[in-house]
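Everything below concerns the one structure shown next.
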Amino acid sequence: MAMNAHYKKLTELAGPKGATTDSDLIAPHLSEWRDKFHGDTPLMLMPESAEAASKLIRYCAEHDIKIKTQGGNTGLVGGSTPGLEGRTEVLISTRRMNSYCVIDADDFSITADAGCTVAELQAKAAEHDLLFPLSLASEGSCTVGGVISTNAGGIHVLRYGTTRALTLGLQAVLPSGDIIDELTALRKNNTGYNLSQLLLGAEGTLGLVTRATFKLYPREAQKHTCLLAVKSPADALKLLASARIASGDRVSAFELMPRFGLELVLRHIPGTSAPIGTSHPWYVLMDIATSREDTTLQSDVSNWLEGELTRGTILDGALAGSLAQAEAFWRLRESMSEAQKHEGGSIKHDIAVPVSKVPAFLERAAEAVLGRSPGARLVAFGHLGDGNIHFNLMQPEGSDKAAFLARWEDISALVHDIVMEFGGSISAEHGIGTLKRDELARLKAPASLDAMHAIKAALDPKNIMNPGVLFPKR
């Protein structure tokens, strides 16, 4: 059967509003946010349920039709862009799977369709005076299926863990078209392989996530947001330890920002302003939160700030006096990636090293990349509380963007080699996708890669689900 005939059959199976070949409707799904990956697809399928997706995937499996899966299209590593490297793939978008989002307040859990956004889960939890703690800059667009497939992190990993730690169970369609239903709110379930955890972080290569159940927590009734100036990442690390002790381990976010990154935000993002007048080398943005009103905590935070100022660990600082001011502080951090786009090309790295080794890594990696690329501008920022740093190298002023970005593989290999020396990971929260698959093959232990290939071959012997993601051609 000709491929066009297969597309016609898939359109029929999808039903009304379940498929489109309209290039204008498909276009927003063909490029990722960084504009590094641009793809193509002849057909976008939009099932509303696991059952609808099962029919489509089963047909694709029977006829060896390649599939690319996509949620909110907020990925950064080419993992959900169809048609890369000359492949012809049908795109399955889960955005229409968004009708089910239900709280079990007694169980502190929420179950939601794959197309629901993280912001929707946060809002639903808040209606019940509860907290869904996953929080990231793209939360208004990124979806349940996407954050599960990439094991998203965000700003609260320090206290609540990654998506993996928050997920209790899920429902998914396997590459065969079969549906596995592991939806559960159980905290203990010792009945063999945990299939939900297997699909977490698998980047759509083992199946299409259609629904998930997550943990909830009591809402944060009291929060103290501080923007603090420090002279070095080493001093920031000291603050993290002392803040955890002084607050009774209630630090929920701890972010590191360089002065240059902050200057870019102030230069390019309208409505931002510097909360601290004097320029300093590094800044820490921190939340200390509790689920109850606690006047003792308030005094503990004040005493801690005064003590660290006296000791000189904090050079200057501002404590948010209102919700609006706290949001303004966080806008500085959340706009740091966007601000860089206004200055040209960036070679970006989403790496993690043990928290204690972040200062040494930053010193070593900065010297290496600036030695390899003189005049380049470094913006290293991110989640110091869990060791995840976004280590971005920007093109020198006045240089050619294309020529600079052509050095991506060379610079990344240099950074990744240093990451491995420090016992780290080349992907902390963005995933491997297409961007890092060759580096994964180069750096991951052969036995681990063999096990991954064996799992992929067992569940997807025809390699129809997200081909080109995670695994290079063998």
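Chain identifiers are assigned as A, B, and so on, following the order in which chains appear in the structure tokens; residues are numbered from 1 within each chain, and ligands are numbered from 1 in order of appearance.
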Exercise. Would you mind listing what lies within 9 Å of Tyr59 of chain A as number ranges by chain, with only C-alpha atoms counted and same-chain residues fewer than 3 positions away left out?
Key: A: 6, 9-10, 54-56, 62-65, 176-177
Quiz prompt | His453 of chain A surroundings by only C-alpha atoms, 9 Å radius, close-in-sequence under 5 positions cut, as a ChimeraX atom specification | solution = /A:448,458,471
Practice problem: Tell me, as an MDAnalysis selection string, which residues lie within 8 Å of Leu440 of chain A, counting only C-alpha atoms; anything in the same chain fewer than 5 positions away does not count. | Solution: chainID A and resid 426 432 470
Practice problem: Could you give me, as a list of chain:residue names, the residues within 7 Å of segment 362-368 of chain A, counting only C-alpha atoms and dropping anything in the same chain fewer than 4 positions from it? | Solution: A:Val358, A:Arg372, A:Val415, A:Ile418
For those residues, write N, CA and C atoms to a file as a CSV table (one decimal), in the first residue's frame.
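New file out28.csv:
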```csv
chain,number,residue,atom,x,y,z
A,358,VAL,N,30.2,21.7,42.5
A,358,VAL,CA,29.8,22.7,41.6
A,358,VAL,C,30.9,23.9,41.5
A,372,ARG,N,39.6,27.6,25.0
A,372,ARG,CA,39.3,27.1,23.6
A,372,ARG,C,38.7,28.1,22.7
A,415,VAL,N,33.3,20.2,27.5
A,415,VAL,CA,32.6,20.4,28.7
A,415,VAL,C,32.2,19.0,29.3
A,418,ILE,N,34.8,17.1,31.1
A,418,ILE,CA,35.1,17.6,32.5
A,418,ILE,C,34.0,17.2,33.4
```
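Taking only segment 112-196 of chain A, the residues that DSSP calls strand (DSSP E or B) from the backbone come to Ala112, Asp113, Thr117, Leu130, Leu131, Thr143, Thr167, Leu168, Gly169, Leu170, Gln171, Ala172, Val173, Ile179, Ile180 and Asp181 of chain A.
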Deliver the residues from the most recent selection as a file, using N, CA and C atoms, as a compact mmCIF listing (two decimals), in the first residue's frame.
```txt
# COMPACT_ATOMS: atom_id res chain seq x y z
N ALA A 112 -3.99 13.04 35.98
CA ALA A 112 -4.27 13.96 34.88
C ALA A 112 -3.87 13.37 33.54
N ASP A 113 -4.58 13.80 32.50
CA ASP A 113 -4.26 13.40 31.13
C ASP A 113 -2.92 13.97 30.70
N THR A 117 -1.37 20.82 31.17
CA THR A 117 -0.11 21.50 31.45
C THR A 117 0.23 21.43 32.93
N LEU A 130 -3.59 22.52 48.22
CA LEU A 130 -2.48 21.58 48.10
C LEU A 130 -1.45 22.13 47.11
N LEU A 131 -0.32 21.46 47.03
CA LEU A 131 0.79 21.91 46.18
C LEU A 131 1.23 20.80 45.24
N THR A 143 3.66 19.81 29.19
CA THR A 143 2.54 18.94 29.54
C THR A 143 2.97 17.74 30.37
N THR A 167 6.08 10.97 40.58
CA THR A 167 5.15 10.13 39.84
C THR A 167 4.87 8.82 40.57
N LEU A 168 3.60 8.56 40.79
CA LEU A 168 3.19 7.31 41.45
C LEU A 168 2.87 6.21 40.45
N GLY A 169 2.33 6.57 39.32
CA GLY A 169 1.98 5.58 38.30
C GLY A 169 1.51 6.26 37.04
N LEU A 170 1.44 5.49 35.95
CA LEU A 170 0.99 6.08 34.70
C LEU A 170 0.32 5.05 33.80
N GLN A 171 -0.35 5.62 32.80
CA GLN A 171 -0.97 4.84 31.73
C GLN A 171 -0.24 5.19 30.45
N ALA A 172 0.00 4.20 29.59
CA ALA A 172 0.73 4.48 28.36
C ALA A 172 0.37 3.47 27.29
N VAL A 173 0.57 3.88 26.03
CA VAL A 173 0.39 3.00 24.89
C VAL A 173 1.77 2.55 24.43
N ILE A 179 -2.16 -1.13 25.64
CA ILE A 179 -2.21 -0.14 26.71
C ILE A 179 -1.78 -0.78 28.01
N ILE A 180 -0.83 -0.18 28.68
CA ILE A 180 -0.51 -0.61 30.05
C ILE A 180 -1.12 0.42 30.99
N ASP A 181 -1.81 -0.06 32.01
CA ASP A 181 -2.46 0.82 32.97
C ASP A 181 -1.86 0.58 34.33
```
Please report as a Markdown table every residue of segment 15-123 of chain A lying within 10 Å of segment 214-230 of chain A, along with the nearest atom pair and their distance in Å (one decimal), using only C-alpha atoms.
```
| residue | atom | partner | partner_atom | distance |
| --- | --- | --- | --- | --- |
| A:Ile103 | CA | A:Leu216 | CA | 9.0 |
| A:Asp104 | CA | A:Leu216 | CA | 9.3 |
| A:Ala105 | CA | A:Leu216 | CA | 8.4 |
| A:Asp107 | CA | A:Leu216 | CA | 8.5 |
| A:Phe108 | CA | A:Leu216 | CA | 4.8 |
| A:Ser109 | CA | A:Lys215 | CA | 4.6 |
| A:Ile110 | CA | A:Phe214 | CA | 5.4 |
| A:Thr111 | CA | A:Phe214 | CA | 6.4 |
| A:Ala112 | CA | A:Phe214 | CA | 8.5 |
| A:Leu121 | CA | A:Phe214 | CA | 9.7 |
| A:Gln122 | CA | A:Leu216 | CA | 9.6 |
```
All alpha helix (DSSP H) positions in segment 42-147 of chain A, as a short mmCIF file (atom, residue, chain, number, x, y, z; two decimals) with N, CA and C atoms, in the first residue's frame:
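For reference, out_17.cif as written:
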```cif
data_model
loop_
_atom_site.label_atom_id
_atom_site.label_comp_id
_atom_site.auth_asym_id
_atom_site.auth_seq_id
_atom_site.Cartn_x
_atom_site.Cartn_y
_atom_site.Cartn_z
N ALA A 50 -6.42 7.37 25.44
CA ALA A 50 -5.49 6.26 25.27
C ALA A 50 -6.03 5.26 24.26
N GLU A 51 -7.32 5.05 24.28
CA GLU A 51 -7.92 4.09 23.34
C GLU A 51 -7.77 4.56 21.90
N ALA A 52 -7.96 5.86 21.68
CA ALA A 52 -7.79 6.41 20.34
C ALA A 52 -6.34 6.32 19.90
N ALA A 53 -5.43 6.62 20.81
CA ALA A 53 -4.01 6.53 20.49
C ALA A 53 -3.60 5.09 20.21
N SER A 54 -4.19 4.16 20.94
CA SER A 54 -3.88 2.74 20.76
C SER A 54 -4.19 2.28 19.33
N LYS A 55 -5.34 2.69 18.81
CA LYS A 55 -5.70 2.30 17.44
C LYS A 55 -4.69 2.83 16.43
N LEU A 56 -4.28 4.07 16.62
CA LEU A 56 -3.35 4.69 15.68
C LEU A 56 -1.97 4.05 15.75
N ILE A 57 -1.49 3.83 16.96
CA ILE A 57 -0.16 3.25 17.12
C ILE A 57 -0.14 1.80 16.66
N ARG A 58 -1.21 1.07 16.92
CA ARG A 58 -1.27 -0.32 16.47
C ARG A 58 -1.20 -0.39 14.94
N TYR A 59 -1.91 0.52 14.28
CA TYR A 59 -1.87 0.54 12.81
C TYR A 59 -0.45 0.86 12.33
N CYS A 60 0.19 1.83 12.99
CA CYS A 60 1.56 2.18 12.60
C CYS A 60 2.50 1.01 12.81
N ALA A 61 2.33 0.27 13.88
CA ALA A 61 3.18 -0.88 14.15
C ALA A 61 2.99 -1.97 13.10
N GLU A 62 1.75 -2.19 12.73
CA GLU A 62 1.46 -3.24 11.73
C GLU A 62 2.04 -2.91 10.37
N VAL A 118 1.49 21.65 33.21
CA VAL A 118 1.95 21.69 34.60
C VAL A 118 1.23 22.80 35.35
N ALA A 119 1.03 23.94 34.70
CA ALA A 119 0.33 25.06 35.35
C ALA A 119 -1.10 24.67 35.72
N GLU A 120 -1.75 23.88 34.89
CA GLU A 120 -3.11 23.43 35.19
C GLU A 120 -3.12 22.53 36.43
N LEU A 121 -2.13 21.67 36.55
CA LEU A 121 -2.05 20.82 37.74
C LEU A 121 -1.77 21.65 38.99
N GLN A 122 -0.92 22.64 38.86
CA GLN A 122 -0.64 23.53 40.00
C GLN A 122 -1.92 24.23 40.46
N ALA A 123 -2.69 24.74 39.48
CA ALA A 123 -3.91 25.47 39.81
C ALA A 123 -4.96 24.55 40.43
N LYS A 124 -5.09 23.34 39.89
CA LYS A 124 -6.06 22.39 40.44
C LYS A 124 -5.69 22.02 41.87
N ALA A 125 -4.42 21.81 42.11
CA ALA A 125 -3.98 21.48 43.48
C ALA A 125 -4.26 22.64 44.43
N ALA A 126 -4.02 23.87 43.97
CA ALA A 126 -4.24 25.04 44.82
C ALA A 126 -5.69 25.19 45.21
N GLU A 127 -6.61 24.76 44.34
CA GLU A 127 -8.04 24.83 44.67
C GLU A 127 -8.36 24.00 45.91
N VAL A 144 1.97 17.08 30.94
CA VAL A 144 2.21 15.91 31.78
C VAL A 144 3.03 14.86 31.03
N GLY A 145 2.64 14.54 29.82
CA GLY A 145 3.36 13.53 29.06
C GLY A 145 4.80 13.93 28.78
N GLY A 146 5.01 15.20 28.51
CA GLY A 146 6.36 15.68 28.22
C GLY A 146 7.27 15.67 29.42
N VAL A 147 6.77 16.14 30.57
CA VAL A 147 7.64 16.19 31.76
C VAL A 147 7.95 14.78 32.26
#
```
Practice problem: For segment 385-397 of chain A, please output as a ChimeraX atom specification all residues within 7 Å (counting only C-alpha atoms; exclusion window: fewer than 5 positions along the same chain). | Solution: /A:157-158,253-255,344-355,358,375-380,404,428
Store the residues picked out above in a file with C-alpha atoms, as a compact mmCIF listing (two decimals), in the first residue's frame.
```txt
# COMPACT_ATOMS: atom_id res chain seq x y z
CA VAL A 157 14.15 19.35 43.08
CA LEU A 158 16.15 20.23 46.19
CA ALA A 253 14.66 26.51 45.89
CA PHE A 254 18.27 27.66 45.66
CA GLU A 255 19.42 29.20 42.38
CA GLY A 344 23.39 35.91 19.35
CA GLY A 345 24.25 32.23 19.41
CA SER A 346 24.88 30.13 22.52
CA ILE A 347 26.35 26.67 22.91
CA LYS A 348 24.29 25.31 25.78
CA HIS A 349 24.87 22.54 28.29
CA ASP A 350 22.42 21.11 30.83
CA ILE A 351 24.80 19.32 33.17
CA ALA A 352 24.87 18.11 36.75
CA VAL A 353 27.69 17.38 39.16
CA PRO A 354 27.52 16.56 42.88
CA VAL A 355 26.44 19.70 44.73
CA VAL A 358 29.83 22.74 41.60
CA GLY A 375 36.35 36.23 23.63
CA ALA A 376 33.31 34.02 24.19
CA ARG A 377 30.99 35.04 27.01
CA LEU A 378 30.04 32.55 29.68
CA VAL A 379 26.64 32.41 31.38
CA ALA A 380 26.61 29.62 33.97
CA PHE A 404 30.47 29.95 16.39
CA ALA A 428 20.39 16.87 34.15
```
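Residues in contact with Leu166 of chain A at 9 Å, where only C-alpha atoms are counted and same-chain residues fewer than 4 positions away are skipped, are listed as Phe132, Pro133, Leu134, Tyr160, Gly161, Thr162, Thr213, Phe214, Lys215 and Leu216 of chain A.
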Exercise. Pick out the residues sitting within 8 Å of Ala328 of chain A, and hand them over as a VMD selection string; count only C-alpha atoms, and ignore anything fewer than 4 positions along from it in its own chain.
Key: chain A and resid 272 324 332
Quiz item: Which residue gives the smallest distance to Val102 of chain A among A:Ala165, A:Pro233, A:Ser356, A:Ala212, with only C-alpha atoms counted?
Solution: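 Checking each of A:Ala165, A:Pro233, A:Ser356, A:Ala212 against Val102 of chain A, counting only C-alpha atoms, the winner is A:Ala212.
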